[in-house]
Each structure stands twice: as C-alpha cells, then as structure tokens.
file target30.cif (mmCIF, C-alpha atoms)
data_final
#
loop_
_atom_site.label_atom_id
_atom_site.label_comp_id
_atom_site.auth_asym_id
_atom_site.auth_seq_id
_atom_site.Cartn_x
_atom_site.Cartn_y
_atom_site.Cartn_z
CA ARG A 1 0.00 0.00 0.00
CA PRO A 2 2.73 2.57 0.80
CA ARG A 3 4.35 1.82 -2.52
CA ARG A 4 1.05 2.39 -4.30
CA ASN A 5 0.54 5.74 -2.55
CA GLY A 6 4.04 6.75 -3.56
CA SER A 7 3.23 5.82 -7.13
CA VAL A 8 0.07 7.93 -7.05
CA ALA A 9 2.01 10.87 -5.66
CA ALA A 10 4.64 10.47 -8.33
CA GLY A 11 1.93 10.32 -10.97
CA ALA A 12 0.37 13.54 -9.67
CA GLU A 13 3.76 15.24 -9.76
CA ASP A 14 4.35 14.01 -13.31
CA ILE A 15 1.02 15.35 -14.59
CA SER A 16 1.58 18.66 -12.79
CA ALA A 17 4.97 19.01 -14.43
CA GLU A 18 3.48 18.18 -17.81
CA VAL A 19 0.71 20.75 -17.35
CA ALA A 20 3.34 23.34 -16.43
CA GLU A 21 5.32 22.49 -19.56
CA PHE A 22 2.32 22.87 -21.86
CA ALA A 23 1.08 26.01 -20.09
CA LEU A 24 4.29 27.75 -21.16
CA MET A 25 3.34 27.18 -24.80
CA LYS A 26 0.97 29.54 -26.57
CA PRO A 27 -2.22 28.41 -28.33
CA HIS A 28 -2.02 28.67 -32.08
CA PRO A 29 -4.50 31.20 -33.53
CA CYS A 30 -6.71 29.44 -36.07
CA THR A 31 -8.49 31.00 -39.02
CA LEU A 32 -11.38 29.38 -40.85
CA GLY A 33 -8.91 28.74 -43.64
CA ASP A 34 -6.74 26.75 -41.25
CA VAL A 35 -9.73 24.68 -40.13
CA VAL A 36 -10.90 24.06 -43.69
CA SER A 37 -7.42 22.82 -44.57
CA CYS A 38 -7.89 19.97 -42.04
CA LEU A 39 -11.03 18.27 -43.35
CA GLU A 40 -9.62 14.75 -43.16
CA PRO A 41 -10.36 13.29 -39.69
CA TRP A 42 -6.78 12.04 -39.23
CA ARG A 43 -5.38 15.48 -40.02
CA ALA A 44 -7.83 17.22 -37.68
CA ALA A 45 -7.02 14.67 -34.95
CA LYS A 46 -3.30 15.32 -35.33
CA PHE A 47 -3.86 19.03 -34.88
CA LEU A 48 -6.13 18.55 -31.83
CA ALA A 49 -3.67 16.17 -30.19
CA SER A 50 -1.01 18.89 -30.22
CA GLU A 51 -3.23 21.95 -29.66
CA MET A 52 -5.84 20.94 -27.08
CA PRO A 53 -3.36 20.06 -24.28
CA ILE A 54 -1.92 23.58 -24.63
CA ARG A 55 -5.33 25.19 -24.30
CA PHE A 56 -6.47 23.01 -21.41
CA ALA A 57 -3.15 23.54 -19.60
CA GLU A 58 -3.56 27.29 -19.97
CA ARG A 59 -7.00 27.16 -18.35
CA ILE A 60 -5.68 24.92 -15.56
CA ARG A 61 -2.94 27.44 -14.81
CA TRP A 62 -5.47 30.31 -14.81
CA ILE A 63 -7.49 28.53 -12.13
CA GLU A 64 -4.33 27.86 -10.12
CA SER A 65 -3.52 31.58 -10.29
CA VAL A 66 -6.60 32.39 -8.18
CA PRO A 67 -5.58 32.69 -4.51
CA LYS A 68 -7.04 29.85 -2.42
CA TRP A 69 -8.94 28.48 -5.42
CA GLU A 70 -9.16 25.11 -3.64
CA GLU A 71 -11.66 26.65 -1.21
CA ILE A 72 -14.21 27.31 -3.98
CA PRO A 73 -16.01 24.02 -4.81
CA GLU A 74 -17.04 25.11 -8.31
CA LEU A 75 -13.46 25.95 -9.25
CA VAL A 76 -12.33 22.57 -7.93
CA VAL A 77 -14.89 20.82 -10.14
CA VAL A 78 -13.85 22.80 -13.22
CA TYR A 79 -10.18 22.23 -12.41
CA ASN A 80 -10.67 18.46 -12.16
CA ILE A 81 -12.63 18.41 -15.43
CA HIS A 82 -9.76 20.11 -17.22
CA LEU A 83 -7.08 18.01 -15.57
CA ARG A 84 -8.90 14.80 -16.50
CA THR A 85 -9.26 15.94 -20.10
CA PHE A 86 -5.62 17.00 -20.29
CA ARG A 87 -4.48 13.62 -19.01
CA ALA A 88 -6.77 11.76 -21.43
CA LEU A 89 -5.61 13.80 -24.43
CA ARG A 90 -1.99 13.18 -23.57
CA SER A 91 -2.38 9.43 -23.09
CA VAL A 92 -4.81 8.37 -25.83
CA ASP A 93 -3.46 6.71 -28.97
CA ARG A 94 -4.60 7.64 -32.48
CA ARG A 95 -3.52 4.30 -33.95
CA PRO A 96 -4.56 1.93 -35.39
CA THR A 97 -7.92 3.77 -35.52
CA LEU A 98 -9.26 7.10 -34.28
CA ASP A 99 -12.03 5.48 -32.20
CA ALA A 100 -10.36 5.94 -28.81
CA PHE A 101 -9.31 9.50 -29.64
CA THR A 102 -12.82 10.36 -30.82
CA ALA A 103 -14.26 9.03 -27.56
CA VAL A 104 -11.88 11.23 -25.56
CA VAL A 105 -12.80 14.31 -27.59
CA LYS A 106 -16.52 13.61 -27.22
CA ARG A 107 -16.21 13.31 -23.46
CA ALA A 108 -14.18 16.52 -23.39
CA VAL A 109 -16.98 18.37 -25.19
CA ASP A 110 -19.67 16.81 -23.00
CA ASP A 111 -17.77 17.70 -19.82
CA GLN A 112 -17.75 21.35 -20.85
CA HIS A 113 -21.54 21.71 -20.78
CA GLU A 114 -21.67 22.84 -17.14
CA VAL A 115 -18.44 24.81 -17.08
CA VAL A 116 -19.97 28.23 -17.86
CA ARG A 117 -22.50 27.88 -15.03
CA LEU A 118 -19.87 26.63 -12.62
CA MET A 119 -17.49 29.46 -13.48
CA ALA A 120 -20.25 32.04 -13.03
CA GLU A 121 -21.01 30.66 -9.56
CA ALA A 122 -17.31 30.56 -8.72
CA MET A 123 -16.81 34.19 -9.75
CA HIS A 124 -19.80 35.22 -7.63
CA LYS A 125 -18.19 33.61 -4.60
CA LEU A 126 -14.87 35.26 -5.43
CA CYS A 127 -16.55 38.68 -5.51
CA GLU A 128 -17.70 38.12 -1.94
CA ARG A 129 -14.06 37.91 -0.79
CA GLY A 130 -13.38 41.59 -1.31
CA PRO A 131 -12.81 44.42 -3.80
CA GLU A 132 -9.67 42.82 -5.27
CA PHE A 133 -12.02 40.31 -6.91
CA GLY A 134 -14.43 42.92 -8.22
CA PRO A 135 -15.90 43.36 -11.73
CA ALA A 136 -12.55 44.27 -13.31
CA PHE A 137 -10.93 41.03 -12.13
CA VAL A 138 -13.94 38.89 -13.02
CA ASP A 139 -14.33 40.40 -16.50
CA GLU A 140 -10.66 39.93 -17.38
CA PHE A 141 -10.53 36.40 -15.99
CA LEU A 142 -13.73 35.18 -17.65
CA ASP A 143 -12.97 36.89 -20.96
CA GLY A 144 -9.73 34.94 -21.31
CA PHE A 145 -10.99 31.69 -19.83
CA LEU A 146 -14.26 31.50 -21.77
CA LEU A 147 -12.73 32.67 -25.05
CA ASN A 148 -10.17 29.88 -24.74
CA ARG A 149 -12.99 27.43 -23.97
CA PHE A 150 -15.15 28.64 -26.86
CA GLY A 151 -12.36 28.27 -29.42
CA SER A 152 -11.47 24.83 -28.08
CA ASN A 153 -15.07 23.64 -28.24
CA VAL A 154 -15.43 24.85 -31.84
CA LEU A 155 -12.30 22.94 -32.90
CA MET A 156 -13.36 19.77 -31.06
CA SER A 157 -16.90 19.96 -32.44
CA GLN A 158 -15.49 20.33 -35.93
CA TYR A 159 -13.39 17.21 -35.44
CA LEU A 160 -16.38 15.21 -34.15
CA ALA A 161 -18.47 16.32 -37.13
CA LEU A 162 -15.76 15.10 -39.50
CA ALA A 163 -15.05 11.86 -37.64
CA ASN A 164 -18.71 10.91 -37.20
CA LYS A 165 -19.82 12.31 -40.58
CA THR A 166 -22.78 14.08 -38.95
CA HIS A 167 -22.47 17.13 -41.20
CA GLY A 168 -21.34 17.77 -44.74
CA PRO A 169 -17.80 17.46 -46.09
CA THR A 170 -16.79 20.74 -44.41
CA GLY A 171 -18.03 19.71 -40.96
CA ILE A 172 -19.72 22.42 -38.91
CA ILE A 173 -18.45 25.07 -41.35
CA ASP A 174 -21.02 26.28 -43.89
CA PRO A 175 -19.39 27.71 -47.05
CA ARG A 176 -22.63 29.61 -47.73
CA CYS A 177 -23.76 30.59 -44.25
CA ASP A 178 -26.92 32.75 -44.40
CA ALA A 179 -26.06 35.36 -41.79
CA ALA A 180 -29.52 36.93 -41.71
CA GLU A 181 -31.29 33.61 -41.20
CA VAL A 182 -28.93 32.71 -38.36
CA CYS A 183 -29.75 36.09 -36.77
CA ARG A 184 -33.48 35.39 -37.14
CA GLN A 185 -33.11 31.99 -35.49
CA ALA A 186 -31.15 33.54 -32.63
CA ALA A 187 -33.77 36.27 -32.26
CA ARG A 188 -36.60 33.71 -31.98
CA ASP A 189 -34.66 31.72 -29.38
CA VAL A 190 -33.95 34.78 -27.25
CA GLN A 191 -37.49 36.13 -27.61
CA ASP A 192 -38.85 32.80 -26.33
CA VAL A 193 -36.52 32.87 -23.32
CA CYS A 194 -37.29 36.51 -22.59
CA GLU A 195 -41.03 35.88 -22.75
CA GLU A 196 -40.73 32.87 -20.46
CA TYR A 197 -38.81 34.77 -17.78
CA THR A 198 -40.29 38.28 -18.04
CA ALA A 199 -43.71 37.74 -19.69
CA HIS A 200 -42.63 40.27 -22.33
CA ARG A 201 -41.57 39.61 -25.93
CA PRO A 202 -39.50 42.41 -27.48
CA ILE A 203 -39.73 42.91 -31.23
CA VAL A 204 -36.57 42.04 -33.15
CA LYS A 205 -36.27 43.20 -36.75
CA VAL A 206 -33.61 41.73 -39.04
CA GLU A 207 -32.86 43.49 -42.31
CA THR A 208 -30.24 42.89 -44.96
CA HIS A 209 -28.28 45.09 -47.35
CA SER A 210 -25.79 43.90 -49.94
CA THR A 211 -23.80 45.49 -52.73
CA LEU A 212 -23.57 42.12 -54.48
CA GLY A 213 -26.28 41.43 -56.99
CA LYS A 214 -25.48 37.73 -57.19
CA ASP A 215 -26.56 37.05 -53.60
CA LYS A 216 -29.98 38.64 -54.22
CA GLY A 217 -29.77 40.63 -51.02
CA VAL A 218 -29.06 37.59 -48.82
CA PRO A 219 -25.49 37.96 -47.54
CA ARG A 220 -23.69 34.63 -47.39
CA PHE A 221 -20.16 33.85 -46.30
CA THR A 222 -18.01 31.00 -45.07
CA TYR A 223 -18.60 30.68 -41.34
CA ILE A 224 -19.73 28.42 -38.52
CA PRO A 225 -23.50 28.92 -38.09
CA GLY A 226 -23.47 27.51 -34.55
CA ALA A 227 -20.78 29.96 -33.45
CA LEU A 228 -22.55 32.91 -35.06
CA ARG A 229 -25.84 31.88 -33.48
CA TYR A 230 -24.20 31.67 -30.05
CA ILE A 231 -22.69 35.16 -30.44
CA MET A 232 -25.97 36.68 -31.61
CA CYS A 233 -27.91 35.04 -28.79
CA GLU A 234 -25.58 36.58 -26.21
CA LEU A 235 -25.87 40.02 -27.82
CA LEU A 236 -29.64 39.82 -28.15
CA LYS A 237 -30.07 38.64 -24.55
CA ASN A 238 -28.51 41.91 -23.43
CA SER A 239 -30.63 43.92 -25.87
CA CYS A 240 -33.86 42.21 -24.84
CA ARG A 241 -33.17 42.65 -21.14
CA ALA A 242 -32.30 46.34 -21.58
CA THR A 243 -35.38 46.94 -23.72
CA VAL A 244 -37.76 45.24 -21.29
CA GLU A 245 -36.30 47.16 -18.36
CA ALA A 246 -36.59 50.47 -20.22
CA CYS A 247 -40.24 50.05 -21.25
CA ALA A 248 -43.13 50.85 -18.92
CA ASP A 249 -45.78 48.86 -20.80
CA GLU A 250 -46.49 46.71 -23.89
CA ARG A 251 -47.25 49.71 -26.10
CA GLU A 252 -43.88 51.24 -25.38
CA LEU A 253 -42.27 47.85 -25.96
CA LYS A 254 -43.79 47.71 -29.45
CA ASP A 255 -42.48 51.19 -30.20
CA ARG A 256 -38.90 50.19 -29.32
CA PRO A 257 -37.87 47.33 -31.62
CA ILE A 258 -34.41 45.86 -31.53
CA ASN A 259 -32.80 46.24 -34.94
CA VAL A 260 -30.31 43.82 -36.46
CA VAL A 261 -28.78 44.97 -39.74
CA VAL A 262 -26.75 42.53 -41.85
CA CYS A 263 -24.62 44.20 -44.54
CA ALA A 264 -22.24 42.76 -47.10
CA ASP A 265 -19.89 43.77 -49.84
CA GLU A 266 -17.47 41.74 -51.92
CA HIS A 267 -15.07 41.18 -49.03
CA ASN A 268 -16.94 41.56 -45.74
CA VAL A 269 -20.13 40.79 -43.87
CA ALA A 270 -21.01 43.09 -40.97
CA ILE A 271 -23.77 42.70 -38.39
CA CYS A 272 -24.97 45.67 -36.33
CA THR A 273 -27.36 45.34 -33.38
CA SER A 274 -29.09 48.35 -31.79
CA ASP A 275 -31.81 48.74 -29.17
#
call {"tool": "encode", "arguments": {"input": "target30.cif", "output": "structure tokens"}}
result
Amino acid sequence: RPRRNGSVAAGAEDISAEVAEFALMKPHPCTLGDVVSCLEPWRAAKFLASEMPIRFAERIRWIESVPKWEEIPELVVVYNIHLRTFRALRSVDRRPTLDAFTAVVKRAVDDQHEVVRLMAEAMHKLCERGPEFGPAFVDEFLDGFLLNRFGSNVLMSQYLALANKTHGPTGIIDPRCDAAEVCRQAARDVQDVCEEYTAHRPIVKVETHSTLGKDKGVPRFTYIPGALRYIMCELLKNSCRATVEACADERELKDRPINVVVCADEHNVAICTSD
C-alpha cells in the first residue's frame, strides 16, 4: 500500500509538471482557412492532439492563479474536469484507428456543458471575498478563460463532425452561411426565453443590405452557423433585457424594436445590433 501511494504521488507530480510544460506554450491562432485545410479526420485529430493540451493547460494554470482556489467548490470541479481531459488527451493513442481518440474528444466536449454555469457561480463567490475580486478582475478572468474554452469547443466539435460524418464534407463550417437567417433563429430563441422569464416579448427586426447582386440581397459567407448563433444570442439577450427594463408597458415595448442589420460587400459581412 505505501508503494502504491508513492506511485500515485509520483503520478500527480508528473502530470503537474506536464501541465506546467504545456502552459508555457501559446495556443495557435486558427483561421477558418486553417480549419478548412484539415477536413480529413486524421489530419484534424493530429492538430487537436497537439493543440488541445496547450489550451487546457492554460485554463488549468489560470485557475491555479486564483488565490485559495481550492476553497471554492465550483473551481475545484472545473479544475478536475480540465485536468482529467488534459491527461486523457496526452495518453490516448490515435492508432490503429481514431475510435479511442474520438471518444476522448466527445467526453471533453460533454464535460464542458456545465463549465460556464460553474465558473459564473465561482466568480460570484470570489466577488464576496473583497474588492480585489471585483468586476474588473472577473471580466478579465472570464474573458480569457471562456474565449479559450469557446475556441477549443469549436475545434473539437469540428473534429467530431468530420469523424462521425454528422455534417457535410466541411463539418460544422457552412461555405454559404446565411447570416440573416442565423440572426433570425437567434432572435426567436432569445425572444422565447425573454417571454418565459419576463412575460414580455420584445420585437426584433432583421434586415439585410448587400452590394452584391449575385446574392440577391441575402449575404452569405463562409462561417460556422453555430458559433454565429451563439454570439448573436448573447448580444440579443442583453438587448432584450435592456429593452424590457426600459419600457413601462407593452405599447412602449412595441415602439422600441431591436434592430439587427446585416450588410455585405465583396469582401466583408457586418452585423450591427441596436436597441
């Protein structure tokens, strides 16, 4: 038994040293072009196997940078999730098939479902410690942590789409993403949530403008619809909440629509939201 405990301690030290090594590396910025260049599952897996440990190690180190983080249960849970994923990514083999690697990636994505909620609760508890953990600290910490998480989830979801063939040949990337339709879907989702929680349903208007005749006024571009939908939902949640709080009654609510304008030219697509 003592020998086994020593082995466990040595194993913990080894994984801690490995996390420290990878945390010193910097995540590689990825463009859509980079992702599209890795449409073969084996190629995408090779990239994930080298990139994801860096990103997970960075988040582990961010948690460890919080003073007395071990005293916040939600941070401990998130820390253990990331440590388990890091260890699995470092130990799984991609030969002779990708099955084991795919299973690890799927669990990594599934384990992330509760992380945003847990981090929000953890930050709330941190704020109660004193002014040094005020809004400025929380905003900076969550911006970096959640942006890292979001990018990682997109890359892992792309790999799963390619490996499981659940989407088209480009995975979760749509070469002709209809930006306006994605905005309309996001608007309906947020309106439903707003109505459920506040009994009010703000009006959201989506309009399009394009200088390209060939798209017939429907701007399309290569993008990830799921990512765009997530971004628009977050923006529209803020707009709907602000609009409901600013209006005294339903008549005023109808007179204050939230406007989403999607514009495009030959090189760019821009989305502007105003309330």
call {"tool": "residues_around", "arguments": {"input": "target30.cif", "residues": "segment 191-208 of chain A", "least_positions_apart": "6", "cutoff": "7 Å", "atoms": "only C-alpha atoms", "output": "MDAnalysis selection string"}}
result
chainID A and resid 180 184 217:218 240 253:254 257:263
call {"tool": "residues_around", "arguments": {"input": "target30.cif", "residues": "Arg87 of chain A", "least_positions_apart": "2", "cutoff": "12 Å", "atoms": "only C-alpha atoms", "output": "list in words"}}
result
Gly11, Ala12, Asp14, Ile15, Ser16, Ala17, Glu18, Val19, Phe22, Ala49, Met52, Pro53, Ile54, Phe56, Ala57, Ile60, Asn80, Ile81, His82, Leu83, Arg84, Thr85, Leu89, Arg90, Ser91, Val92, Val104, Val105 and Ala108 of chain A
call {"tool": "closest_residue", "arguments": {"input": "target30.cif", "among": "A:His28, A:His167, A:Arg55, A:Lys125", "to": "Asn153 of chain A", "atoms": "all atoms listed in the file"}}
result
A:Arg55
call {"tool": "atom_distance", "arguments": {"input": "target30.cif", "atom1": "atom CA of Asp111 of chain A", "atom2": "atom CA of Leu126 of chain A"}}
result
22.9 Å
call {"tool": "atom_distance", "arguments": {"input": "target30.cif", "atom1": "atom CA of Pro29 of chain A", "atom2": "atom CA of Pro175 of chain A"}}
result
20.4 Å
call {"tool": "residues_around", "arguments": {"input": "target30.cif", "residues": "Val269 of chain A", "least_positions_apart": "6", "cutoff": "9 Å", "atoms": "only C-alpha atoms", "output": "list in words"}}
result
Ala179, Ser210, Pro219, Arg220, Phe221, Val262 and Cys263 of chain A
call {"tool": "closest_residue", "arguments": {"input": "target30.cif", "among": "A:Trp62, A:Leu98, A:Gln112, A:Asp265", "to": "Glu140 of chain A", "atoms": "all atoms listed in the file"}}
result
A:Trp62
call {"tool": "atom_distance", "arguments": {"input": "target30.cif", "atom1": "atom CA of Ile72 of chain A", "atom2": "atom CA of Pro131 of chain A"}}
result
17.2 Å
call {"tool": "closest_residue", "arguments": {"input": "target30.cif", "among": "A:Leu162, A:Gly33, A:Ala88, A:Ser50", "to": "Ala100 of chain A", "atoms": "all atoms listed in the file"}}
result
A:Ala88
call {"tool": "closest_residue", "arguments": {"input": "target30.cif", "among": "A:Arg229, A:Arg43, A:Arg107, A:Arg251", "to": "Ser157 of chain A", "atoms": "all atoms listed in the file"}}
result
A:Arg107
call {"tool": "resolve_selection", "arguments": {"input": "target30.cif", "expression": "the PyMOL selection byres ((chain A and resi 155) around 12)", "output": "count of residues only"}}
result
42
call {"tool": "resolve_selection", "arguments": {"input": "target30.cif", "expression": "the PyMOL selection byres ((chain A and resi 230) around 12)", "output": "ChimeraX atom specification"}}
result
/A:150,154,182-183,185-187,189-190,224-229,231-237
call {"tool": "closest_residue", "arguments": {"input": "target30.cif", "among": "A:Trp69, A:Phe137, A:Phe145, A:Trp42", "to": "Ala163 of chain A", "atoms": "all atoms listed in the file"}}
result
A:Trp42
call {"tool": "closest_residue", "arguments": {"input": "target30.cif", "among": "A:Leu75, A:Ala242, A:Ala103, A:Pro27", "to": "Arg117 of chain A", "atoms": "only C-alpha atoms"}}
result
A:Leu75
call {"tool": "axis_aligned_box", "arguments": {"input": "target30.cif", "around": "segment 144-148 of chain A", "padding_each_side": "4 Å", "output": "lines of an AutoDock Vina configuration file"}}
result
center_x = -12.0
center_y = 32.4
center_z = -22.4
size_x = 12.5
size_y = 13.1
size_z = 13.2
call {"tool": "resolve_selection", "arguments": {"input": "target30.cif", "expression": "the PyMOL selection byres ((chain A and resi 129) around 12)", "output": "ChimeraX atom specification"}}
result
/A:66-69,71-72,122-128,130-134
